[in-house]
Number of protein chains: 2
Amino acid sequence: MLEALLSPGAVAVIGASRNPAKIGHAILGNLIRGGFQGTIVPVNASADRVQGFDSCRSLKDHRGSVDLALVTVPAAKVEAAVAGSIDAGAKAVVVVSAGFKEIGPEGAELEERLRKMCNDGGVRLLGPRSLGVINTRHRMNASFAKYMPKVGGISVLSESGAVCTAILDLAAAKQLGLSKVVAIGNKADLNEIDFFRLLAGDEDTQVVVVYLESISSGDEFIKAAEQLATAKPVVILRAGTTGAGARAARSHTGSVPGEEIAYSAAFKRAGVVQAESIEALFDCAAALAMQPLPRGDRVAIVSNAGGPCVVAADALEHAGLRVANLSDATTVALRKKLPLPACIQNPIDVLGDADPDRYAHAVQAVQEDAAVDAILMIMTPHAMTRPAETARAAAQSIRGEKPMLAVFLGSADAMPGREDMVASGLPDYPSPERAVKSLRAMREYAAWKARPPRVVTRFPVNRRRVERLIGRQRRTGRLEVGEVRAKEILRAYNFSVPEGLLALDSDAAADAAEKIGYPVAMKIVSPDIIHKSDAGGVKLHLSDAEQVLDAYDLLTLRFARHAPEARLEGIYVEKMCPRGLEMVIGMRRDSQFGPILLFGLGGIFVEALKDEAGYLAPITAEEGMQMLMGTRSYELLSGARGQPGVDTSAIARGLQRISQLATDLPEIAELEINPFTITTGGGEPIVVDARMVLSGADR
Amino acid sequence: MLEALLSPGAVAVIGASRNPAKIGHAILGNLIRGGFQGTIVPVNASADRVQGFDSCRSLKDHRGSVDLALVTVPAAKVEAAVAGSIDAGAKAVVVVSAGFKEIGPEGAELEERLRKMCNDGGVRLLGPRSLGVINTRHRMNASFAKYMPKVGGISVLSESGAVCTAILDLAAAKQLGLSKVVAIGNKADLNEIDFFRLLAGDEDTQVVVVYLESISSGDEFIKAAEQLATAKPVVILRAGTTGAGARAARSHTGSVPGEEIAYSAAFKRAGVVQAESIEALFDCAAALAMQPLPRGDRVAIVSNAGGPCVVAADALEHAGLRVANLSDATTVALRKKLPLPACIQNPIDVLGDADPDRYAHAVQAVQEDAAVDAILMIMTPHAMTRPAETARAAAQSIRGEKPMLAVFLGSADAMPGREDMVASGLPDYPSPERAVKSLRAMREYAAWKARPPRVVTRFPVNRRRVERLIGRQRRTGRLEVGEVRAKEILRAYNFSVPEGLLALDSDAAADAAEKIGYPVAMKIVSPDIIHKSDAGGVKLHLSDAEQVLDAYDLLTLRFARHAPEARLEGIYVEKMCPRGLEMVIGMRRDSQFGPILLFGLGGIFVEALKDEAGYLAPITAEEGMQMLMGTRSYELLSGARGQPGVDTSAIARGLQRISQLATDLPEIAELEINPFTITTGGGEPIVVDARMVLSGADR
């Protein structure tokens, strides 16, 4: 698959130029300098020789067929060039030229015509606006990147050509080898999903590095990404996550990015490592490509200076990793091998005058220690330090059972001996902070790999009843489902909902209260009023019939005065809920990824504090708990400040029930239980208020 | 001042060695290779010539006097070496050797003897455990760092020699010039404060870069840091901020770091830029050294590729900066100069084939635009890009009125033309994220520089009364001040405190309630019970005499049963507070920095969410508001989700009153008003509950 694109025999460069300022010049030059072994067919409308090659005026003039065509001519001439390429037998076309979807509707139409033309001709299209494609093992640099990368195990996919170039530069500076590099550009035909599938089975690829601004299809993305992550680590930087970034992304690729919480939920599900910056992309990839995954979170630090240890320990704590407690055997071993002033507790200080042997001894000792899951080796170059030998000695002393990352403080890029280190598989970082972030990524990926099989619990529920209730709501013509009906739906899914009755006059309200038992709450029911409290439509703590009768009159009279146009369906009389810890749980159906479950602290806090967790439905019991643990509020739920905690598994079950409801009933577009109240005394959380929104008829 | 340390005429190297593995070898070699113009006196106990210099067996054998002695012998021989140095006329001594405070009590004693010896001899001591000292303009590299930095305007102070070395390497890689480099080590005598004072007046120093793990004296630190920051930017990385980091720091320098919130409050007050990583330290320093400060937060982006613009826009939003809206004149100017497919809205895309001129045009256009405060120039190297010329053209096109930072994606360290850029004063970064963090630091420093004069409001209060109340509390022998007395104190400082009376029997309670007016709350008063609610010692919403009588009996009987040993002083009857938004405000006296004012959301949320602001007392009205705005909760206070906001200035006044109380009465060690409740209806916030702790008698 995609043989013609990644391993072609004959390549045409349409727009091959003699002018060094042109992209067509750069691409042809790169193909030649990269040592491409197949046939190169330069096409230039006005010259017969380009960069020492005979060129044709048009691809028609070329007698043989081509496998791959690289199109670099201006946008207006691209259609003809692609048509000519198809005629010449090309099975893949890379359109490097810009001026398509990103410039507006006209460009989008042109792009769609290209896509269709290729599709009809059985040809795969990369781009337009692609930087090109590189396959180091095929010695093909069919791109306008500056140079051919070293051969290695990291493959790169990038929606931005510029970020792709930057990645190539970083890889070169780190002496890292690459396998395939693909700039997917505007993704008119081939997109990230095609390449996820391809790279999952590509033996030459060990790690995949991806820069994305949008995705083409949520479901398929998750499936393909999970399949790829199961085979090898995937590190993604997704940009355009803020309002400002998204606006910039729209004007750039014409894509409308989804919401941050949805993407991050999708990445978590698929086991994708999310990089937080361009630098982190490669920091993580290098570690994942060169070192084994850690089995736990306990890290040993070996350093020739104290200051960087302090910085590293801070970074570990921030990253949720731990400074390992060394076992006694290790400290005894260290005491024997290290000079007296050395610190033999973790962080281990081998002192400023440490020679390569001393580092090797310390690394070996912590490597043997079962209480250590990963090693951070830090070297600060002093005048008498021998960085290259030390790096070599340390690299040679590791056995490959636990990951070791090296930090060479100062200008690591100028460091001698990096080639040796890379050959020994020891990745290096310019600061403890960056190494620790890579360790955290390894740890998260390892935890995902070791996740238990996903068993989604299905609770016994009354789904038919919910279907009927939704049908009844649909017939009202309103998509907003009010409290009373939303609670009926939730009751059918076995949520604890306070007992309640709809009353149409004050006597019925008093009867209802007697039946339910005091104290009760009373709320207006109107399809026209969403925020009942704000409208003065709620009375709480009513403890006898007189109060209920008064409340009925107050609510209905106030309603009539404040909202004379609105329809009143009655007054809902409900058992008062006990006070407790208030949470919000809910679901929002994302256009890309489907139902996203949400959890956060209740009340007005949830939005201001942005302390929310989002997971894709359906979730397992473990994932329900992970959602809680993913918020800062978890400390509260589990009992902060010596206060008793609440039954967190009951909250997780609530999330699972919503997950089931959202999966069973795609008609529900949004759902919010707010507050969802739980008491410390134990027992199920209670649905105090709830609302839903159904999807429009066109869904 | 410190002439002998920084600009000595004659320097002795005690422990100058022929063995390249020894520090004494490295330091002597550095002095020689650095081109030191004064006299070098190597001292070696067993050799007559070292590295081509005649050496003496002991400093006594040297006929002339020395200004500075560098001591590199093992710890046990340091005392003798220092004594000899003083005898030889040295006015400053640098002890490079380790084995002092950091190894335990014995080392600490030795260190104290050194300090005293130097003090008695009128000699200043740097170290022990110092990497040494460098003064580039004096051509003196009296350190065991690897090489002599270029001459320039950045001075460096570091508590860690290793971090110091790393900084030198980073500076070299960035081609940045340094002025003084001082490794303060264990700070037995000279510490950061001495050098803050020195560097404030040092004409050769434009920016100061500092790595600290502890500070020597809070008050003096703030004074000296503020004085220095007023003269020039100061960038500090403080490590040891987490539990793990602090443990590592203790075993490293023997210092006990203060708390994070106190440091950050001190840095804010003093105008210090706080770096979050070793790399950020120099990223910020380079920008501050080379570029003017921005007048606002509106940033123009000029790039030859879209992807990095998206990344940059995300980073700006996260940093609290804005993507500028260009004025119409600018877009017209850009339209004229840039090719049609270029994006002339901000971020400006000058396209992949941009030549140096195109960048220069775009930079000039945004430079003219009054709606732009700072410029981010991003270049992604393509095969046809000319980075060096582009950098030069861009650097030459800036006028120095607005800051411009350059991002060269990919391996910036290998970039040609950096020397030209540095000569033109254009700092460059390897990623948009790092450039943006530096811009934010510049913006924060600029805001601090432009701060209004600090006018601390003094409210009319009854200070004498508080002194009497505290005296009365002292006589009880208890440091914990309970609710009733704490509220009396706060009332004397004009806080709104609900009316309340202490009742000793149930009839008195009912009388009190009648007098105060219903509804009332009732609370037990006992010096032995701090958490009244937890002990069942609070009744709320009592609305008539019968309820009050019952509550009195319930509270006293329950108290007698649950806490038979505890003393009951009575029952406090208090006007019920209206419900509202609950906050916590308070004060904690830090051992280093004195009173730290605290503000956060109320109830159980404050600790779990870590959404607290801390400022040093005394605060101004502006700082009171800044405290509120510094929390994520500010959105709530100012009216989130369309809800009405509260009177934030009234909360700020509450903080100012606490500030005054803490400043007036150093006896108060801790104070917490929790909850401090404000209603959306307007009016002053109310002290619903409060407690204080007095300082021990020994303060």
# chains A, B, ... in the order shown; residues from 1 in each chain; ligands from 1
>>> residues_around(residues="region 590-598 of chain A", least_positions_apart="4", cutoff="7 Å", atoms="only C-alpha atoms", output="ChimeraX atom specification")
/A:217-219,262,585-586,612-617,659,662
>>> write_last_selection(atoms="N, CA and C atoms", output="short mmCIF file (atom, residue, chain, number, x, y, z; two decimals), in the first residue's frame")
data_model
loop_
_atom_site.label_atom_id
_atom_site.label_comp_id
_atom_site.auth_asym_id
_atom_site.auth_seq_id
_atom_site.Cartn_x
_atom_site.Cartn_y
_atom_site.Cartn_z
N SER A 217 -11.60 12.42 10.86
CA SER A 217 -12.79 11.69 11.28
C SER A 217 -12.54 11.12 12.66
N GLY A 218 -13.35 11.54 13.63
CA GLY A 218 -13.10 11.20 15.03
C GLY A 218 -13.02 9.71 15.30
N ASP A 219 -14.07 8.98 14.88
CA ASP A 219 -14.12 7.54 15.15
C ASP A 219 -12.94 6.81 14.55
N ALA A 262 -12.16 17.41 24.19
CA ALA A 262 -12.51 16.26 23.36
C ALA A 262 -11.25 15.60 22.80
N ILE A 585 -22.08 16.14 36.79
CA ILE A 585 -21.66 15.13 35.83
C ILE A 585 -22.54 15.31 34.61
N GLY A 586 -22.00 14.98 33.48
CA GLY A 586 -22.77 15.20 32.28
C GLY A 586 -22.14 14.61 31.04
N GLU A 612 -12.06 20.13 35.28
CA GLU A 612 -12.97 19.15 34.69
C GLU A 612 -12.18 17.99 34.12
N ALA A 613 -12.80 16.81 34.10
CA ALA A 613 -12.20 15.69 33.40
C ALA A 613 -13.16 15.27 32.29
N GLY A 614 -12.62 14.94 31.15
CA GLY A 614 -13.45 14.48 30.03
C GLY A 614 -12.94 13.15 29.51
N TYR A 615 -13.83 12.18 29.35
CA TYR A 615 -13.47 10.88 28.77
C TYR A 615 -14.48 10.53 27.71
N LEU A 616 -14.03 9.78 26.74
CA LEU A 616 -14.94 9.31 25.70
C LEU A 616 -15.81 8.19 26.23
N ALA A 617 -17.09 8.23 25.91
CA ALA A 617 -17.98 7.12 26.22
C ALA A 617 -17.80 6.05 25.13
N SER A 659 -22.69 7.07 30.67
CA SER A 659 -22.01 6.50 29.51
C SER A 659 -22.95 5.55 28.77
N ALA A 662 -25.79 7.50 27.10
CA ALA A 662 -25.34 8.22 25.91
C ALA A 662 -25.10 7.27 24.74
#
>>> select_by_dssp(residues="region 464-561 of chain A", states="helix (DSSP H, G or I)", output="PyMOL selection string")
chain A and resi 464-475+483-492+506-516+545-561
>>> write_last_selection(atoms="C-alpha atoms", output="mmCIF file, in the first residue's frame")
data_model
loop_
_atom_site.group_PDB
_atom_site.id
_atom_site.type_symbol
_atom_site.label_atom_id
_atom_site.label_comp_id
_atom_site.auth_asym_id
_atom_site.auth_seq_id
_atom_site.Cartn_x
_atom_site.Cartn_y
_atom_site.Cartn_z
ATOM 1 C CA ARG A 464 -37.714 1.183 26.376
ATOM 2 C CA ARG A 465 -39.140 3.627 28.871
ATOM 3 C CA VAL A 466 -36.506 6.213 27.967
ATOM 4 C CA GLU A 467 -37.243 5.758 24.288
ATOM 5 C CA ARG A 468 -40.912 6.409 24.981
ATOM 6 C CA LEU A 469 -40.096 9.488 27.099
ATOM 7 C CA ILE A 470 -37.853 10.862 24.365
ATOM 8 C CA GLY A 471 -40.522 10.169 21.753
ATOM 9 C CA ARG A 472 -43.015 12.106 23.876
ATOM 10 C CA GLN A 473 -40.532 15.000 24.212
ATOM 11 C CA ARG A 474 -39.917 15.006 20.450
ATOM 12 C CA ARG A 475 -43.633 15.410 19.845
ATOM 13 C CA GLU A 483 -36.085 18.837 34.941
ATOM 14 C CA VAL A 484 -39.112 16.622 35.450
ATOM 15 C CA ARG A 485 -38.750 14.580 32.279
ATOM 16 C CA ALA A 486 -34.947 14.501 32.514
ATOM 17 C CA LYS A 487 -35.324 13.027 35.987
ATOM 18 C CA GLU A 488 -37.768 10.423 34.714
ATOM 19 C CA ILE A 489 -35.207 9.395 32.122
ATOM 20 C CA LEU A 490 -32.462 9.199 34.719
ATOM 21 C CA ARG A 491 -34.708 7.208 37.050
ATOM 22 C CA ALA A 492 -35.162 4.677 34.264
ATOM 23 C CA SER A 506 -52.507 23.864 45.587
ATOM 24 C CA ASP A 507 -54.536 21.094 47.176
ATOM 25 C CA ALA A 508 -52.875 18.530 44.917
ATOM 26 C CA ALA A 509 -49.533 19.998 45.966
ATOM 27 C CA ALA A 510 -50.387 19.548 49.663
ATOM 28 C CA ASP A 511 -51.561 15.974 48.991
ATOM 29 C CA ALA A 512 -48.370 15.251 47.111
ATOM 30 C CA ALA A 513 -46.287 16.607 49.985
ATOM 31 C CA GLU A 514 -48.151 14.441 52.494
ATOM 32 C CA LYS A 515 -47.545 11.413 50.329
ATOM 33 C CA ILE A 516 -43.860 12.164 49.813
ATOM 34 C CA ALA A 545 -49.128 21.746 54.461
ATOM 35 C CA GLU A 546 -49.578 25.443 55.128
ATOM 36 C CA GLN A 547 -46.139 26.247 53.824
ATOM 37 C CA VAL A 548 -46.849 24.134 50.746
ATOM 38 C CA LEU A 549 -50.143 25.913 50.049
ATOM 39 C CA ASP A 550 -48.467 29.307 50.444
ATOM 40 C CA ALA A 551 -45.553 28.272 48.284
ATOM 41 C CA TYR A 552 -47.890 27.075 45.557
ATOM 42 C CA ASP A 553 -49.623 30.438 45.435
ATOM 43 C CA LEU A 554 -46.375 32.382 45.616
ATOM 44 C CA LEU A 555 -44.770 30.403 42.803
ATOM 45 C CA THR A 556 -47.733 30.542 40.457
ATOM 46 C CA LEU A 557 -48.519 34.214 41.102
ATOM 47 C CA ARG A 558 -44.884 35.232 40.712
ATOM 48 C CA PHE A 559 -44.677 33.196 37.522
ATOM 49 C CA ALA A 560 -47.772 34.846 36.102
ATOM 50 C CA ARG A 561 -46.422 38.293 36.868
#
>>> closest_residue(among="A:Gly306, A:Pro666, A:Gly639, A:Pro452", to="Ala239 (chain B)", atoms="only C-alpha atoms")
A:Gly306
>>> residues_around(residues="region 358-362 of chain B", least_positions_apart="2", cutoff="7 Å", atoms="only C-alpha atoms", output="JSON list (two decimals) with C-alpha atoms, in the first residue's frame")
[["chain", "number", "residue", "atom", "x", "y", "z"],
["B", 302, "VAL", "CA", 5.55, 37.41, 11.33],
["B", 334, "LEU", "CA", 1.31, 44.67, 3.91],
["B", 337, "LYS", "CA", 4.49, 44.71, -0.17],
["B", 338, "LEU", "CA", 3.57, 41.03, 0.15],
["B", 350, "VAL", "CA", 5.06, 35.89, 4.50],
["B", 354, "ALA", "CA", 10.01, 34.58, 1.72],
["B", 355, "ASP", "CA", 13.29, 36.32, 1.12],
["B", 356, "PRO", "CA", 15.00, 38.63, 3.63],
["B", 364, "GLN", "CA", 8.65, 47.41, 9.42],
["B", 365, "ALA", "CA", 4.90, 47.48, 8.87],
["B", 366, "VAL", "CA", 4.01, 46.06, 12.29],
["B", 393, "ALA", "CA", 17.74, 41.93, 7.45],
["B", 394, "ALA", "CA", 15.17, 41.55, 10.23],
["B", 397, "SER", "CA", 14.88, 46.63, 10.27]]
>>> closest_residue(among="A:Glu569, A:Glu623, A:Glu213, A:Glu192", to="chain B", atoms="only C-alpha atoms")
A:Glu213
